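Worksheet: the structure to be examined is printed underneath.
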Amino acid sequence: MKKIKVAGAALNQTPLDWEGNLANIAEALRQARAQQAEFLALPELCICGYNCDDLFLSTWLYEKAEQQLLKVVPLTENITVSLGLPVLFKGQNLNCVAVISDRRLLGITAKQFLANDGVHYEKRWFSPWPKNLETEIWIDGEAYPFGDIIYEAGGIKIGIEVCEDAWQGENRPGVQHHLRGAHLIMVNNASHFSMGKTATRADLVLLGSLEFRCSYIYVNLLGNESGRTIYDGEILIAENGELIQRNNKLSFLNVDLVFAELNLTDPPVGALPNLDFDELDKNNEFIKAASLGMFDYLRKSRSRGFVLSLSGGADSALCAVLVAEMVRRGVKELGFGAFIEKLNMAGISADGFNQSNEPEKNMALVGKLLTCAYQGTVNSSDVTFNAAKTLAESIGATFYSWNVDAPIEHAQKTIETAIGRKLSWHTDDIALQNIQARSRSPLIWMLANLNNALLITTSNRSEADTGYATMDGDTSGSLAPIAGVDKAFVRQWLRWAEKELGYTGLARVNAQAPTAELRPTAAGKDAQTDEADLMPYDIMVRIEREAILFRRSPLQVFRELSGQEGMGTNIQLEAYISKFFRLWAQTQWKRERYAPSFHLDDFNVDPRSWCRFPILSGGFRQELEELKAYAEQQRALKEN
């Protein structure tokens, strides 16, 4: 077989941005042709955007997508391209990939296996296509092959797998493509980012190319497409079990394109050595994904920056660093002027910055994009104030501070007059804590409105699990960028960022134990800390993983964790598990009201993207009784 030059392009698309999506497709084709690539793979549903959600139930969307497809056809001179779009065929909504070669539509492949777990709900919108079924579809007065197809262009046979298709083991369409003589298989994806996923994808691509003795091009969507899900834009090109080319995923570019020369059936030449896919550990992957997610959310929402209530604690500190890293990483890849141009914010241009070096320019830009406020009360400490102020100054953020005791006192006196008694920390603890958090919300929202900015809410996943957050208080905001990661991860990441990324302004934050600073020590109780209110975060993370990711009952969680290192005594573990499940069941209504959050780990607790749970339930009463009885039985056996 002859050598061929192929390309894969990750595209940063937006649902229903027909012009922008088409422009990215056209740019990918332009770049590929400029490098004389003969074949190009583009992502799944890239014409309309993957996350059009229930608009996939609208017939007009399919008509519009077909119109856009016909606009792509004339752009494909001397190149063969595969790209995704939805197709309405005989009353069925189908997730498809069209193949176009040298200004001629060769046909359309329909997806056979629909993603319907985690953040994906494809079976709500689409129907699966049967294996080996090929028919024809009429488009603009002409008939084209449709269904499960092998294409041929320039003497090369091409098969298509659409994202979930490739994950089906011996049932994947690639098996049939191989039997029908495919030389090249293109995998068109909208595969969500989660930390550590690269190694699994690489195994999928390498194994497929080895077993089917062919070449593989794997391409993915890129960026924060529609708000919650981040796509890493990963591109993997393999041949006969060897990785030939890959890209630097999670790019700030609109079009991230890589090339490779393939030998098809001959042994690969110049293949990359086996790569260590741990080269991007979770700490690096998290900041790359979250900072890109913040950037896309900011520019696609057409907002003018971020506002943050900076408490001096870990969560708000991480949110502040995300903005600083967004600027640092984006400027490093795009350049200062191109980064600002892509933000497209009125009143901010590269000409307005006269600093002498890039770090100083970056800090000045952070000052334009991030406004922070420390909102103190009588229960706040100099420790947290200094931690907040030091961090804000170290990254260049605009920083304000004010006191909210007056509105708190007004609210308390108003209620005391109405109910005819004084409020006490001994009898009204939760109400007195919550009014402090809620009194901060109107002021920080006002600042966000004045700036036409996104208000960042700082809740993490551990708080969402247990409802350890005040509704309309510290949960107020437009975006919850760290609600997809647990508190233990947040704490260790900040220590890593201080050391590895040079954020020395985090030192005061990292020196503290997490605390809400809402309960006065004079109330006759110990100083307030998060772990004293809840449980040790390291233990909560283990319970959460068993209960939420693996969907185990309280008793099953206890059996899994009992006796493991760091889990404490069985009496303690039983108490922690019971507390977790009780709080989880009681606080589903809070999770329903959280601001949009990013999916960053292998699971999250957002009911609108990953984990649904009834707002009203039996609260695991019987299951917790079973746990208690079992734990008591185990203790009795041990004593005897």
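Going through the structure tokens in order, the chains are called A, B, and so on, while each chain numbers its residues from 1 and the ligands are numbered from 1 in the order shown.
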
Item to check | Who sits within 8 Å of region 444-449 of chain A, only C-alpha atoms, same chain under 6 positions skipped, as a ChimeraX atom specification | outcome: /A:306-309,373,455,477

Okay, now the selection with all heavy atoms, as a short mmCIF file (atom, residue, chain, number, x, y, z; two decimals), in the first residue's frame?
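Output below, filename part_35.cif:
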data_model
loop_
_atom_site.label_atom_id
_atom_site.label_comp_id
_atom_site.auth_asym_id
_atom_site.auth_seq_id
_atom_site.Cartn_x
_atom_site.Cartn_y
_atom_site.Cartn_z
N PHE A 306 -14.88 37.70 36.40
CA PHE A 306 -15.39 36.93 37.52
C PHE A 306 -15.38 37.76 38.79
O PHE A 306 -14.53 38.64 38.97
CB PHE A 306 -14.51 35.69 37.76
CG PHE A 306 -14.43 34.74 36.60
CD1 PHE A 306 -13.33 34.76 35.75
CD2 PHE A 306 -15.44 33.83 36.36
CE1 PHE A 306 -13.23 33.88 34.69
CE2 PHE A 306 -15.36 32.94 35.29
CZ PHE A 306 -14.26 32.97 34.45
N VAL A 307 -16.32 37.46 39.67
CA VAL A 307 -16.35 38.03 41.02
C VAL A 307 -16.36 36.87 42.00
O VAL A 307 -17.04 35.85 41.78
CB VAL A 307 -17.57 38.95 41.22
CG1 VAL A 307 -17.76 39.29 42.70
CG2 VAL A 307 -17.39 40.23 40.41
N LEU A 308 -15.62 37.03 43.10
CA LEU A 308 -15.42 35.93 44.04
C LEU A 308 -15.41 36.45 45.46
O LEU A 308 -14.70 37.40 45.77
CB LEU A 308 -14.09 35.23 43.73
CG LEU A 308 -13.59 34.16 44.70
CD1 LEU A 308 -14.52 32.95 44.71
CD2 LEU A 308 -12.17 33.74 44.31
N SER A 309 -16.20 35.81 46.33
CA SER A 309 -16.12 36.09 47.76
C SER A 309 -14.95 35.28 48.31
O SER A 309 -15.04 34.06 48.46
CB SER A 309 -17.42 35.69 48.46
OG SER A 309 -17.42 36.10 49.81
N ALA A 373 -13.63 39.86 47.14
CA ALA A 373 -14.01 40.62 48.33
C ALA A 373 -13.97 39.71 49.55
O ALA A 373 -14.51 38.59 49.52
CB ALA A 373 -15.41 41.21 48.16
N LEU A 455 -20.47 35.40 38.92
CA LEU A 455 -20.19 35.19 40.34
C LEU A 455 -19.82 33.73 40.54
O LEU A 455 -20.59 32.82 40.22
CB LEU A 455 -21.40 35.56 41.19
CG LEU A 455 -21.25 35.33 42.70
CD1 LEU A 455 -20.06 36.10 43.26
CD2 LEU A 455 -22.53 35.72 43.42
N GLY A 477 -24.23 31.97 43.15
CA GLY A 477 -23.28 32.18 42.07
C GLY A 477 -23.80 31.72 40.73
O GLY A 477 -24.86 31.09 40.61
#

Next on the checklist: I'd like the contact shell of Cys46 (chain A) - 9 Å cut-off, only C-alpha atoms, skipping same-chain residues fewer than 2 positions apart - returned as a PyMOL selection string.
Outcome noted: chain A and resi 11-15+21-22+25+42-44+48-50+83-85+190+221

Just write the chosen residues, N, CA and C atoms, as a CSV table (one decimal), in the first residue's frame.
chain,number,residue,atom,x,y,z
A,11,LEU,N,-12.1,20.3,17.7
A,11,LEU,CA,-12.8,21.5,17.5
A,11,LEU,C,-13.5,22.0,18.7
A,12,ASN,N,-13.3,23.3,19.0
A,12,ASN,CA,-14.0,23.9,20.2
A,12,ASN,C,-15.4,24.4,19.6
A,13,GLN,N,-16.4,23.6,19.7
A,13,GLN,CA,-17.7,24.0,19.2
A,13,GLN,C,-18.7,24.5,20.3
A,14,THR,N,-19.8,25.0,19.8
A,14,THR,CA,-20.8,25.5,20.7
A,14,THR,C,-22.2,25.1,20.2
A,15,PRO,N,-23.1,24.6,21.0
A,15,PRO,CA,-24.4,24.2,20.5
A,15,PRO,C,-25.1,25.4,19.8
A,21,ASN,N,-19.3,27.2,14.4
A,21,ASN,CA,-19.0,25.8,14.2
A,21,ASN,C,-18.5,25.6,12.8
A,22,LEU,N,-19.2,26.2,11.8
A,22,LEU,CA,-18.8,26.0,10.4
A,22,LEU,C,-17.4,26.6,10.1
A,25,ILE,N,-14.8,24.2,11.3
A,25,ILE,CA,-14.7,23.1,10.4
A,25,ILE,C,-13.9,23.6,9.1
A,42,LEU,N,-12.9,14.7,12.0
A,42,LEU,CA,-13.5,15.7,12.9
A,42,LEU,C,-14.4,15.1,13.9
A,43,PRO,N,-14.8,15.8,14.9
A,43,PRO,CA,-15.5,15.2,16.0
A,43,PRO,C,-17.0,14.9,15.8
A,44,GLU,N,-17.5,14.2,16.7
A,44,GLU,CA,-18.9,13.8,16.7
A,44,GLU,C,-19.8,15.0,16.8
A,48,CYS,N,-23.5,20.8,14.7
A,48,CYS,CA,-24.5,21.5,15.5
A,48,CYS,C,-24.1,21.7,16.9
A,49,GLY,N,-23.1,20.9,17.4
A,49,GLY,CA,-22.7,20.9,18.8
A,49,GLY,C,-23.3,19.6,19.5
A,50,TYR,N,-22.5,19.0,20.3
A,50,TYR,CA,-22.9,17.7,20.9
A,50,TYR,C,-24.1,17.9,21.9
A,83,LEU,N,-17.2,13.9,9.5
A,83,LEU,CA,-17.6,14.8,10.6
A,83,LEU,C,-19.0,14.5,11.0
A,84,GLY,N,-19.4,14.9,12.2
A,84,GLY,CA,-20.6,14.4,12.8
A,84,GLY,C,-21.8,15.4,12.7
A,85,LEU,N,-23.0,14.8,12.6
A,85,LEU,CA,-24.2,15.7,12.5
A,85,LEU,C,-25.4,14.8,12.9
A,190,ALA,N,-17.3,12.6,21.0
A,190,ALA,CA,-17.6,13.7,21.9
A,190,ALA,C,-17.5,13.0,23.3
A,221,LEU,N,-14.0,16.2,20.6
A,221,LEU,CA,-14.4,17.6,20.8
A,221,LEU,C,-13.4,18.2,21.8

Checklist entry - Nearest to Val366 (chain A) among A:Leu133, A:Ala346, A:Leu262, A:Ile340, with distances taken over only C-alpha atoms: which residue is it? => result A:Ile340

Checklist entry - Skipping near chain neighbours, those fewer than 6 positions away, what residues fall within 8 Å of Cys319 (chain A) using only C-alpha atoms, listed as a PyMOL selection string? => result chain A and resi 308+456+458+481-482

Next on the checklist: as an MDAnalysis selection string, please: the residues near Arg328 (chain A) (cut-off 10 Å, only C-alpha atoms, same-chain neighbours under 6 positions excluded).
Outcome noted: chainID A and resid 291 322 335:336 358:359 361:363 365:366

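Shortest atom-to-atom contact with Leu555 (chain A) among A:Leu624, A:Leu257, A:Ile615, A:Ala483: A:Leu624, counting only C-alpha atoms.
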
Next on the checklist: I'd like the contact shell of Glu341 (chain A) - 12 Å cut-off, only C-alpha atoms, skipping same-chain residues fewer than 5 positions apart - returned as an NGL selection string.
Outcome noted: :A and (299 or 330-331 or 334-336 or 346-351)

Checklist entry - Which of region 316-532 of chain A counts as strand (DSSP E or B) under DSSP, as a ChimeraX atom specification please? => result /A:370-376,398-403,454-456,479-480

So which bits of region 191-373 of chain A end up helix (DSSP H, G or I) when you DSSP the backbone, as an mmCIF file with C-alpha atoms, in the first residue's frame?
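Saved as out_11.cif:
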data_model
loop_
_atom_site.group_PDB
_atom_site.id
_atom_site.type_symbol
_atom_site.label_atom_id
_atom_site.label_comp_id
_atom_site.auth_asym_id
_atom_site.auth_seq_id
_atom_site.Cartn_x
_atom_site.Cartn_y
_atom_site.Cartn_z
ATOM 1 C CA THR A 198 -6.162 9.077 28.484
ATOM 2 C CA ALA A 199 -4.651 5.687 29.290
ATOM 3 C CA THR A 200 -7.998 3.938 28.762
ATOM 4 C CA ARG A 201 -8.530 5.676 25.428
ATOM 5 C CA ALA A 202 -5.029 4.816 24.258
ATOM 6 C CA ASP A 203 -5.585 1.139 25.033
ATOM 7 C CA LEU A 204 -8.820 1.272 23.037
ATOM 8 C CA VAL A 205 -7.153 2.796 19.974
ATOM 9 C CA LEU A 206 -3.950 0.754 20.082
ATOM 10 C CA LEU A 207 -5.770 -2.531 20.620
ATOM 11 C CA GLY A 208 -8.182 -1.778 17.773
ATOM 12 C CA SER A 209 -5.419 -0.940 15.323
ATOM 13 C CA LEU A 210 -3.495 -4.079 16.332
ATOM 14 C CA GLU A 211 -6.423 -6.517 16.222
ATOM 15 C CA PHE A 277 0.225 8.163 30.163
ATOM 16 C CA ASP A 278 0.762 9.151 33.782
ATOM 17 C CA GLU A 279 2.852 12.045 32.475
ATOM 18 C CA LYS A 282 -4.406 14.349 38.240
ATOM 19 C CA ASN A 283 -3.053 17.624 39.556
ATOM 20 C CA ASN A 284 -1.913 18.720 36.102
ATOM 21 C CA GLU A 285 -4.978 17.359 34.353
ATOM 22 C CA PHE A 286 -7.304 19.105 36.781
ATOM 23 C CA ILE A 287 -5.822 22.559 36.304
ATOM 24 C CA LYS A 288 -5.605 22.199 32.529
ATOM 25 C CA ALA A 289 -9.250 21.155 32.286
ATOM 26 C CA ALA A 290 -10.683 23.544 34.871
ATOM 27 C CA SER A 291 -8.808 26.599 33.563
ATOM 28 C CA LEU A 292 -9.939 25.844 29.987
ATOM 29 C CA GLY A 293 -13.468 25.301 31.284
ATOM 30 C CA MET A 294 -13.389 28.706 32.990
ATOM 31 C CA PHE A 295 -12.076 30.399 29.850
ATOM 32 C CA ASP A 296 -14.741 28.974 27.582
ATOM 33 C CA TYR A 297 -17.497 29.626 30.103
ATOM 34 C CA LEU A 298 -16.407 33.254 30.381
ATOM 35 C CA ARG A 299 -16.171 33.995 26.667
ATOM 36 C CA LYS A 300 -19.187 31.930 25.562
ATOM 37 C CA ALA A 314 -9.143 26.539 50.636
ATOM 38 C CA ASP A 315 -12.149 26.493 48.310
ATOM 39 C CA SER A 316 -12.252 30.168 47.387
ATOM 40 C CA ALA A 317 -8.450 30.159 47.125
ATOM 41 C CA LEU A 318 -8.610 27.399 44.535
ATOM 42 C CA CYS A 319 -11.226 29.328 42.549
ATOM 43 C CA ALA A 320 -8.973 32.399 42.527
ATOM 44 C CA VAL A 321 -5.982 30.383 41.343
ATOM 45 C CA LEU A 322 -8.117 28.890 38.552
ATOM 46 C CA VAL A 323 -8.548 32.371 37.066
ATOM 47 C CA ALA A 324 -4.834 33.122 37.380
ATOM 48 C CA GLU A 325 -3.976 29.806 35.724
ATOM 49 C CA MET A 326 -6.563 30.444 33.012
ATOM 50 C CA VAL A 327 -4.665 33.602 32.112
ATOM 51 C CA ARG A 328 -1.201 32.094 32.445
ATOM 52 C CA ARG A 329 -1.941 28.990 30.390
ATOM 53 C CA GLY A 330 -4.045 30.758 27.782
ATOM 54 C CA VAL A 331 -1.489 33.509 27.215
ATOM 55 C CA LYS A 332 1.330 30.967 27.023
ATOM 56 C CA GLU A 333 -0.421 29.043 24.240
ATOM 57 C CA LEU A 334 -2.171 31.813 22.302
ATOM 58 C CA PHE A 336 -1.180 37.876 25.070
ATOM 59 C CA GLY A 337 -2.930 39.722 22.256
ATOM 60 C CA ALA A 338 -4.668 36.650 20.825
ATOM 61 C CA PHE A 339 -5.847 35.607 24.279
ATOM 62 C CA ILE A 340 -7.481 38.999 24.875
ATOM 63 C CA GLU A 341 -8.926 39.028 21.367
ATOM 64 C CA LYS A 342 -10.502 35.628 21.926
ATOM 65 C CA LEU A 343 -12.046 36.814 25.197
ATOM 66 C CA ALA A 350 -3.737 44.381 24.426
ATOM 67 C CA ASP A 351 -2.867 48.044 23.817
ATOM 68 C CA GLY A 352 -4.040 48.907 27.318
ATOM 69 C CA GLU A 358 4.615 38.681 30.494
ATOM 70 C CA PRO A 359 4.187 37.802 34.207
ATOM 71 C CA GLU A 360 3.447 41.457 35.015
ATOM 72 C CA LYS A 361 1.031 41.685 32.079
ATOM 73 C CA ASN A 362 -0.675 38.509 33.230
ATOM 74 C CA MET A 363 -1.151 39.893 36.736
ATOM 75 C CA ALA A 364 -2.553 43.116 35.313
ATOM 76 C CA LEU A 365 -4.991 41.104 33.196
ATOM 77 C CA VAL A 366 -6.041 39.028 36.218
ATOM 78 C CA GLY A 367 -6.818 42.341 37.908
ATOM 79 C CA LYS A 368 -9.214 43.141 35.056
ATOM 80 C CA LEU A 369 -10.832 39.698 35.060
#

Next on the checklist: Need the shell around Thr80 (chain A): protein/DNA/RNA residues with any atom at most 10 Å away, counting only C-alpha atoms. Skip same-chain ones fewer than 6 positions apart. Format as a list in words?
Outcome noted: Val6, Leu29, Ala37, Glu38, Phe39, Leu40, Ala41, Val99, Ile100, Ser101, Asp102, Arg103, Arg104, Leu105, Leu106, Glu152, Ala153 and Gly154 of chain A

Next on the checklist: Using only C-alpha atoms for the distances, tell me which of A:Val378, A:Ala9, A:Ile430, A:Ala547 is nearest to Ala406 (chain A).
Outcome noted: A:Val378
